[in-house]
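Visitor: Got a file for you: final.txt, compact mmCIF, C-alpha atoms.
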# COMPACT_ATOMS: atom_id res chain seq x y z
CA MET A 810 11.54 36.33 15.40
CA ALA A 811 10.38 37.91 12.17
CA VAL A 812 7.51 36.66 10.03
CA THR A 813 8.84 34.84 7.00
CA PRO A 814 7.02 33.59 3.90
CA VAL A 815 9.50 30.72 3.40
CA PRO A 816 10.78 27.95 5.68
CA THR A 817 14.00 28.77 7.54
CA VAL A 818 16.15 26.92 10.05
CA ALA A 819 14.96 29.34 12.73
CA LEU A 820 11.30 28.64 11.90
CA GLU A 821 11.82 24.88 11.93
CA THR A 822 13.65 25.20 15.27
CA LEU A 823 10.65 27.10 16.61
CA ALA A 824 8.38 24.30 15.37
CA VAL A 825 10.51 21.65 17.10
CA ASN A 826 10.49 23.65 20.34
CA LEU A 827 6.72 24.20 20.27
CA LEU A 828 5.94 20.57 19.48
CA THR A 829 8.42 19.29 22.06
CA GLU A 830 6.62 21.32 24.74
CA VAL A 831 3.39 19.38 24.18
CA THR A 832 4.75 15.83 24.08
CA ARG A 833 6.32 13.66 26.73
CA GLU A 834 8.30 11.59 24.24
CA ARG A 835 12.04 12.14 24.44
CA ASP A 836 13.73 9.59 22.20
CA TYR A 837 15.88 11.75 19.90
CA VAL A 838 19.05 13.59 20.88
CA ALA A 839 18.98 16.96 19.13
CA GLY A 840 21.74 19.53 18.71
CA VAL A 841 20.76 20.92 22.10
CA GLY A 842 18.69 18.75 24.41
CA VAL A 843 16.42 15.82 23.72
CA THR A 844 13.17 15.76 21.76
CA SER A 845 11.03 13.19 19.95
CA ARG A 846 11.67 11.47 16.62
CA ARG A 847 8.06 12.15 15.71
CA VAL A 848 8.47 15.84 16.49
CA MET A 849 11.47 15.97 14.18
CA LEU A 850 9.47 14.30 11.40
CA LEU A 851 6.48 16.63 11.82
CA ALA A 852 8.31 19.94 12.32
CA SER A 853 8.36 20.95 8.65
CA THR A 854 4.66 20.09 8.26
CA PHE A 855 3.88 22.20 11.34
CA CYS A 856 5.84 25.06 9.76
CA ASP A 857 3.89 24.74 6.51
CA GLU A 858 0.45 24.43 8.09
CA CYS A 859 0.74 26.70 11.13
CA LEU A 860 3.77 28.96 11.25
CA LEU A 861 4.12 30.05 7.61
CA THR A 862 0.46 31.03 7.49
CA ALA A 863 0.66 33.26 10.59
CA GLN A 864 0.06 36.95 10.04
CA GLY A 865 2.45 39.60 11.32
CA ASN A 866 0.46 39.98 14.52
CA GLY A 867 -0.59 36.33 14.74
CA TRP A 868 2.26 34.92 16.76
CA VAL A 869 0.10 33.62 19.57
CA ILE A 870 -0.74 29.93 19.29
CA PRO A 871 -2.58 28.46 22.26
CA ARG A 872 -0.87 25.42 23.78
CA ALA A 873 -4.10 23.46 23.32
CA SER A 874 -4.02 24.18 19.57
CA VAL A 875 -0.44 22.91 19.24
CA LYS A 876 -1.33 19.83 21.29
CA SER A 877 -4.42 19.14 19.14
CA TRP A 878 -2.45 19.59 15.93
CA LEU A 879 0.21 17.15 17.11
CA ALA A 880 -2.36 14.56 18.25
CA ALA A 881 -4.20 14.74 14.92
CA HIS A 882 -1.02 14.27 12.92
CA LEU A 883 0.20 11.43 15.12
CA ARG A 884 -3.15 9.65 14.61
CA LYS A 885 -2.92 10.24 10.87
CA ARG A 886 0.63 8.82 10.76
CA SER A 887 -0.33 5.74 12.80
CA VAL A 888 -3.22 4.98 10.41
CA ILE A 889 -0.90 5.27 7.42
CA HIS A 890 1.71 3.00 9.03
CA ARG A 891 -0.89 0.31 9.86
CA ARG A 892 -1.84 -0.11 6.20
Show me this structure written as structure tokens.
Guide:
Amino acid sequence: MAVTPVPTVALETLAVNLLTEVTRERDYVAGVGVTSRRVMLLASTFCDECLLTAQGNGWVIPRASVKSWLAAHLRKRSVIHRR
């Protein structure tokens, strides 16, 4: 996959795949397979914050980093929804 300065369907698909790998939730039937509704909602934010800022040689994201990012954003969303 090439580095891109703008969001693309391929980049968002990559985001969904990466986030799906670090969650056990499977409550959304996608075009291929099953993922999480929350993953689908957060994929574009993950693209903006993590994938679009990657440098040409920066395409290594540790699993722990993806997991931490997802956990932080899920906490943030749950706080917002409680208000």
Visitor: Point out the residue among A:Leu860, A:Leu820, A:His882, A:Pro871 with the least atom-to-atom distance to Val848 in chain A, counting only C-alpha atoms.
Guide: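 Checking each of A:Leu860, A:Leu820, A:His882, A:Pro871 against Val848 in chain A, counting only C-alpha atoms, the winner is A:His882.
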Visitor: Fewer than 4 positions away in the same chain doesn't count, so skip those; otherwise give me all residues within 10 Å of range 832-837 of chain A, counting all atoms listed in the file, as a PDB file with C-alpha atoms, in the frame of the given file.
Guide:
ATOM      1  CA  LEU A 827       6.720  24.200  20.270  1.00  0.00           C
ATOM      2  CA  LEU A 828       5.940  20.570  19.480  1.00  0.00           C
ATOM      3  CA  GLY A 842      18.690  18.750  24.410  1.00  0.00           C
ATOM      4  CA  VAL A 843      16.420  15.820  23.720  1.00  0.00           C
ATOM      5  CA  THR A 844      13.170  15.760  21.760  1.00  0.00           C
ATOM      6  CA  SER A 845      11.030  13.190  19.950  1.00  0.00           C
ATOM      7  CA  ARG A 846      11.670  11.470  16.620  1.00  0.00           C
ATOM      8  CA  ARG A 847       8.060  12.150  15.710  1.00  0.00           C
ATOM      9  CA  VAL A 848       8.470  15.840  16.490  1.00  0.00           C
ATOM     10  CA  MET A 849      11.470  15.970  14.180  1.00  0.00           C
ATOM     11  CA  LYS A 876      -1.330  19.830  21.290  1.00  0.00           C
ATOM     12  CA  LEU A 879       0.210  17.150  17.110  1.00  0.00           C
ATOM     13  CA  ALA A 880      -2.360  14.560  18.250  1.00  0.00           C
TER      14      ALA A 880
END
Visitor: In Å to one decimal, how far is CA of Gln864 in chain A from CA of Val818 in chain A?
Guide: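 Result for CA of Val818 in chain A versus CA of Gln864 in chain A: 19.0 Å, one decimal.
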Visitor: Contacts of Pro814 in chain A at 12 Å or less, counting all atoms listed in the file, minus same-chain residues fewer than 6 places along, as a ChimeraX atom specification?
Guide: /A:820,856-857,859-865
Visitor: Using all atoms listed in the file, pick whichever of A:Arg872, A:Ser877, A:Lys885, A:Ser853 has the shortest atom-to-atom distance to Glu830 in chain A.
Guide: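 The answer is A:Arg872, which sits nearest to Glu830 in chain A.
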Visitor: What does the distance between CA of Ala881 in chain A and CA of Pro816 in chain A come to in Å, to one decimal place?
Guide: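 So the answer is 22.0 Å.
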Visitor: My list of candidates is A:Glu858, A:Ala852, A:Trp878, A:Val831. Which is closest to Ala819 in chain A when distances are computed with all atoms listed in the file?
Guide: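 Using all atoms listed in the file, the shortest distance to Ala819 in chain A belongs to A:Ala852.
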Visitor: What is the distance between CA of Val815 in chain A and CA of Phe855 in chain A, in Å to one decimal?
Guide: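 Here the two named atoms are 12.9 Å from each other.
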